[in-house]
Every structure is written in C-alpha cells, then in structure tokens.
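Here is the structure we will look at.
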Amino acid sequence: MNKDLESKIDEILERGVSEVIDKDNLKKKLLSGKKLKVKFGMDPTSPNLHIGRAVLLLKLKDFQDLGHQIILLVGNATGVIGDTSDKDSERPMLSDEVVKKNMKAYVEQAGKILNTEKIKVVYNADWLNELGYQDIGKHAECFSLHEFISRENIKKRLDEGKRVSLREVLYPLMQGYDSVKLEADVELGGNDQRFNLLAGRTLQEKFGQSPQDVLMMNIISGTDGKKMSSSWGNTINILDEPHDMFGKVMSIPDTLIKEYMLHCTRISKNEIEELMNLENPRDAKIKLAEEIVKIYHGEKAAKKAKEYFVSTFSKKKIPEDVRVVPSKAPEILIVDYMLEAGVAESKSDARRKVEQGGVSIDGKKITDTNKILDKSFSGKVIKVGKKDFVKIVFKD
RNA sequence: GGGUGGAUGGCAGAGUGGCCUAAUGCACCUGACUGUAAAUCAGGCGUCUUCGGACUUCGGCGGUUCAAAUCCGUCUCCACCCA
C-alpha cells in the first residue's frame, strides 16, 4: 500500500515536470498524509483552454486524486497588469462581470479533467486591492531589479529595444503575495512561470511562513513544433470538436508523439514504450489521438472520430455527417456559396481555390469560377482543400 | 527637462518622389508526394471583376507636387542617449 503510494508520488513529481523546488521536501509533505493546499492561478482573460494548459490540469488531477485541496486563484487583479512571462501585451481592465463569466467558462473546461466541485475558487483582487504603497514597498524590498531584468524573456525584450513597462515588475510581487494570503503548500505553473512562482517562496518566508514547494510543468509544442500558445494559432483546444481534435493530433510531427503521450494523457509509461516501438508511427499517433479525444469527449466520441479519420483521410471517402449549409438563393455562383459557407475568406480567395484545383463536388473537380449551382446540386457535397466539406441544400 | 532615431501588409523587415500591391523571410492557403506527419517541390497570399481591368493600403489628420510609403506641417505612440 505504502509502496503503491510512493510510486504514485514519484510519478507525480516526474511526469511532464520540468523542475521541482524543493523536491525532497515536497515528497515528504506528500507522504506525510497532510492535506495540502495546492495553488494554481488563472488569468481571467482567455477562457479558451488548449491541451498545453491541460498538462497542468492533469497534474492537478493527480493531486486531487490523492485528496489534496486545489485552490483556483482567479487573477482579477493580476490580469490587469499583464504577465511578463507570457505575452508582451498589457491588458485592459476587466469588469467583474466579465471576470466571473470567464472564470465560469474556465471551470467548465477544467471540469473535463478535474472534479470542480472540490475546487476552491478565490479572487486575488480581494486582498491585493487592499494594499497600499507601504505594503508594496515592503514586498518589493525583497527583490532586486537585477533579478527581474535578467530573466530571459525580459532580457530579450530589452535587448531588442522593446518596451518593458515598469508596472510589469509588480506582477511577480502580486503572485507571490497571493501565496502568502493562501498559505499555499504547493504551487503549480508552467516552467515559464519560474520567477513568479519563486517570488511566492521569498515572500512567504518574509511573512514567517514555510515556503511553498513549486512544481513546474513543461510547455509542450504545438501542432507546428513550436511552443503551443494561443498567440501562435498552433493549439489543440479542449473545446475542439472530436473530429477536429483528432485531426489536429494527427497533424503533429512524429517527433512529438512521445511528448504528447507523456504530457497530455495518462497512458502508462510501459504502454508508451510499447507504442513507440510500433513499426508505423502513424499507429502510435492514432492511439494518441484517440486517447486525447477520449479525455475531453468520452470513449464513444473518440472511437467515432477515429473511424471518421480513417475513412475520410486514409480511404478518402466523403464523410457521412458533414456540415449542411442551405443556399439563400435558388441559383448561386459557386464562389458566392463558398463565401457564405465560410470555406473561403473572400470571393477572390474562393476564385483562387477553384483556379488552383482545390474545389470539387461529389469528387469531380471544379475548374470554372463562374459555375452556377442550382437545385440539381441539392444534397451534393462540396470539398474545399483537404478537410473542408459542406453539403449544399436548396430550399424549395 | 534636453537631444536623437523610429511607426510599412498576420509577424519580422527592405524601400526615402514615378519602374510600389510595396523586396525578402516566417506564418497562412492550394496542388504534387504521403501516413490530412515531417521534409521537399510547384503555385498562391488586399478587395471587386464581364479577366480587359477597376478600386483601396505604408501610425492619424492636413499640405506641396502632374505624381507621395517616400517631401513639408501637425498630432498620437514607441525606443535610445543625456539629466
């Protein structure tokens, strides 16, 4: 029993983890049987989670499964500042209403992994807005400007002559003070959060608490191999439809298969090894895609997505349940219809696609940009590019 | 407070009176090859088009000129140096 627990803990401290501070201490805490306060922060601006973020959620789930208390910290005060670790933008002030709405959306999405009923939600504006210059000054005294600007991303921005706002300096102070208020035992974050996470330790010590342990997760790569980030548009989103999600996983480079298995699923390590030894990496990838879809949409949907993928792309059949877009007029130019159906950005784009041979109806390539669609095309499927299918319907 | 430089397409970044819808790279789209992978190759990448063209774009506004991304004025924003 105890051995079982220990190996579980070891996996928690390793799988997908880039660094733990202080690892031995955290392991001791986890073995002690004490219910730990596990803090993790969310930025209330973007509720569209991707599976890179889910790496964190899966880890939280592991903690939750061991009976620890997850505390979701909504950064309604920090969000205004804009975190330096992440993007280089400063963010607009959000109304309480919007914050609440975003939080709800977040929890809903996180609920695909976590048991949200057991999560405690707190808002950092509740205490951060109380602080005055004296307090902030006292906190700020714990850090030097040198530490701040020698962070890689700040340094880079400075070197490139980009603007670094003075108020960004405040961000780690705030995040650190959050830990003090929550008396957090552990904080989770991406490894790009290192500085902010460590600020919590410093401040907690200043306030006479024992410093939280910090668990940093790897940032996974996106579908194009670069860091997965909303601003790159290379994400696989938790809310993606099963077909789409499956397809996106299939489009990742082979070299990422293992990384995804390790971080985005809980396939056991032994099984991963087996899968990696398969002759055709595609098969491992299919398993991976199925597993990921399963987490967010359930087993049934995952199976269906797999079948869809195999028949549509491997066997090049037209999928069964395509999007149906009725035509508004009894007769319509194909380019106009493409625009209406959202498979082209503009008429020019639609024409280009036709001219380049990317459009077909029921398998027959269309080359005439002036092609007119009428009732005789009702029920036929238009294919644009590799993955866009639309069924056209004419109303009588 | 003083000085200098700068703002160009999704991003980076050339261009400093007509040859500029604006080089190049990245991203993106289509096709070929495939495993909807990667890599590679070919084409494309403002809008509209009767495919002849037409119209719109280089931080905002105003001006000079036959002609402005390019010159002048002004405003907004940014960086750097000095204090």
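Letters A, B, ... mark the chains of the structure tokens in the order given; residue numbers begin at 1 per chain; ligand numbers begin at 1, in order shown.
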
* **All strand (DSSP E) positions in region 99-183 of chain A, as an NGL selection string** => :A and (120-123)

Go through chain B and flag each residue having an atom no more than 9 Å from chain A; for those, report the closest pair of atoms plus their distance in Å to one decimal, using only C-alpha atoms (C1' of nucleotides), ordered by chain and rising number, as a Markdown table.
```
| residue | atom | partner | partner_atom | distance |
| --- | --- | --- | --- | --- |
| B:A27 | C1' | A:Trp232 | CA | 8.9 |
| B:C29 | C1' | A:Lys353 | CA | 8.1 |
| B:U30 | C1' | A:Gln356 | CA | 5.6 |
| B:G31 | C1' | A:Gln356 | CA | 6.7 |
| B:G35 | C1' | A:Arg282 | CA | 5.9 |
| B:U36 | C1' | A:Phe313 | CA | 6.1 |
| B:A37 | C1' | A:Pro253 | CA | 5.1 |
| B:A38 | C1' | A:Pro253 | CA | 5.5 |
| B:G43 | C1' | A:Gln356 | CA | 7.8 |
| B:G44 | C1' | A:Arg352 | CA | 7.5 |
| B:C45 | C1' | A:Asp349 | CA | 8.9 |
| B:U47 | C1' | A:Ser348 | CA | 7.7 |
| B:C48 | C1' | A:Ser348 | CA | 8.1 |
| B:C78 | C1' | A:Arg163 | CA | 7.6 |
| B:A79 | C1' | A:Gly161 | CA | 6.0 |
| B:C80 | C1' | A:Gly161 | CA | 8.1 |
```

Do you know which residues are at most 9 Å from Met245 (chain A) counting only C-alpha atoms (C1' of nucleotides), after dropping those on the same chain fewer than 3 positions away, and could you put them as a PDB file with N, CA and C atoms, in the first residue's frame?
```pdb
ATOM      1  N   ILE A 236      -4.259  22.897 -29.792  1.00  0.00           N
ATOM      2  CA  ILE A 236      -5.366  21.965 -29.851  1.00  0.00           C
ATOM      3  C   ILE A 236      -6.222  22.315 -28.646  1.00  0.00           C
ATOM      4  N   ASN A 237      -7.435  22.749 -28.905  1.00  0.00           N
ATOM      5  CA  ASN A 237      -8.244  23.277 -27.816  1.00  0.00           C
ATOM      6  C   ASN A 237      -9.141  22.225 -27.192  1.00  0.00           C
ATOM      7  N   ILE A 238      -9.340  22.399 -25.915  1.00  0.00           N
ATOM      8  CA  ILE A 238     -10.184  21.485 -25.162  1.00  0.00           C
ATOM      9  C   ILE A 238     -11.597  21.441 -25.747  1.00  0.00           C
ATOM     10  N   LEU A 239     -12.031  22.569 -26.273  1.00  0.00           N
ATOM     11  CA  LEU A 239     -13.390  22.634 -26.796  1.00  0.00           C
ATOM     12  C   LEU A 239     -13.498  22.237 -28.267  1.00  0.00           C
ATOM     13  N   ASP A 240     -12.392  21.872 -28.871  1.00  0.00           N
ATOM     14  CA  ASP A 240     -12.447  21.434 -30.270  1.00  0.00           C
ATOM     15  C   ASP A 240     -13.376  20.233 -30.416  1.00  0.00           C
ATOM     16  N   GLU A 241     -14.035  20.187 -31.556  1.00  0.00           N
ATOM     17  CA  GLU A 241     -14.906  19.044 -31.835  1.00  0.00           C
ATOM     18  C   GLU A 241     -14.051  17.780 -31.986  1.00  0.00           C
ATOM     19  N   PRO A 242     -14.626  16.633 -31.676  1.00  0.00           N
ATOM     20  CA  PRO A 242     -13.850  15.383 -31.731  1.00  0.00           C
ATOM     21  C   PRO A 242     -13.097  15.173 -33.043  1.00  0.00           C
ATOM     22  N   LYS A 248      -6.179  17.274 -35.614  1.00  0.00           N
ATOM     23  CA  LYS A 248      -5.069  18.131 -35.199  1.00  0.00           C
ATOM     24  C   LYS A 248      -3.966  17.301 -34.555  1.00  0.00           C
ATOM     25  N   VAL A 249      -4.358  16.326 -33.767  1.00  0.00           N
ATOM     26  CA  VAL A 249      -3.336  15.480 -33.140  1.00  0.00           C
ATOM     27  C   VAL A 249      -2.574  14.723 -34.230  1.00  0.00           C
ATOM     28  N   MET A 250      -3.302  14.261 -35.239  1.00  0.00           N
ATOM     29  CA  MET A 250      -2.645  13.515 -36.321  1.00  0.00           C
ATOM     30  C   MET A 250      -1.667  14.387 -37.095  1.00  0.00           C
ATOM     31  N   ALA A 289      -4.189  10.087 -30.509  1.00  0.00           N
ATOM     32  CA  ALA A 289      -5.311  10.958 -30.847  1.00  0.00           C
ATOM     33  C   ALA A 289      -6.586  10.439 -30.190  1.00  0.00           C
ATOM     34  N   ILE A 292      -6.529  11.208 -26.472  1.00  0.00           N
ATOM     35  CA  ILE A 292      -6.755  12.619 -26.140  1.00  0.00           C
ATOM     36  C   ILE A 292      -8.219  12.993 -26.325  1.00  0.00           C
ATOM     37  N   VAL A 293      -8.801  12.547 -27.412  1.00  0.00           N
ATOM     38  CA  VAL A 293     -10.218  12.850 -27.635  1.00  0.00           C
ATOM     39  C   VAL A 293     -11.066  12.241 -26.519  1.00  0.00           C
ATOM     40  N   ALA A 305     -14.489   9.441 -33.896  1.00  0.00           N
ATOM     41  CA  ALA A 305     -13.537  10.350 -34.522  1.00  0.00           C
ATOM     42  C   ALA A 305     -12.461   9.562 -35.258  1.00  0.00           C
TER      43      ALA A 305
END
```

* Contacts of Thr202 (chain A) at 8 Å or less, counting only C-alpha atoms (C1' of nucleotides), minus same-chain residues fewer than 6 places along, as an MDAnalysis selection string? -> chainID A and resid 142 176 211

* To do: For U8 (chain B), list every protein, DNA or RNA residue within 9 Å, evaluated using only C-alpha atoms (C1' of nucleotides), and leave out those in the same chain fewer than 5 positions away; present the list as number ranges by chain.
  => B: 22, 58, 69

Given the selection you just returned, output its residues as a file containing C-alpha atoms (C1' of nucleotides), formatted as a JSON list (two decimals), in the first residue's frame.
```json
[["chain", "number", "residue", "atom", "x", "y", "z"],
["B", 22, "A", "C1'", 5.26, 47.56, -51.93],
["B", 58, "C", "C1'", 2.63, 52.03, -45.76],
["B", 69, "A", "C1'", 5.12, 54.80, -48.22]]
```
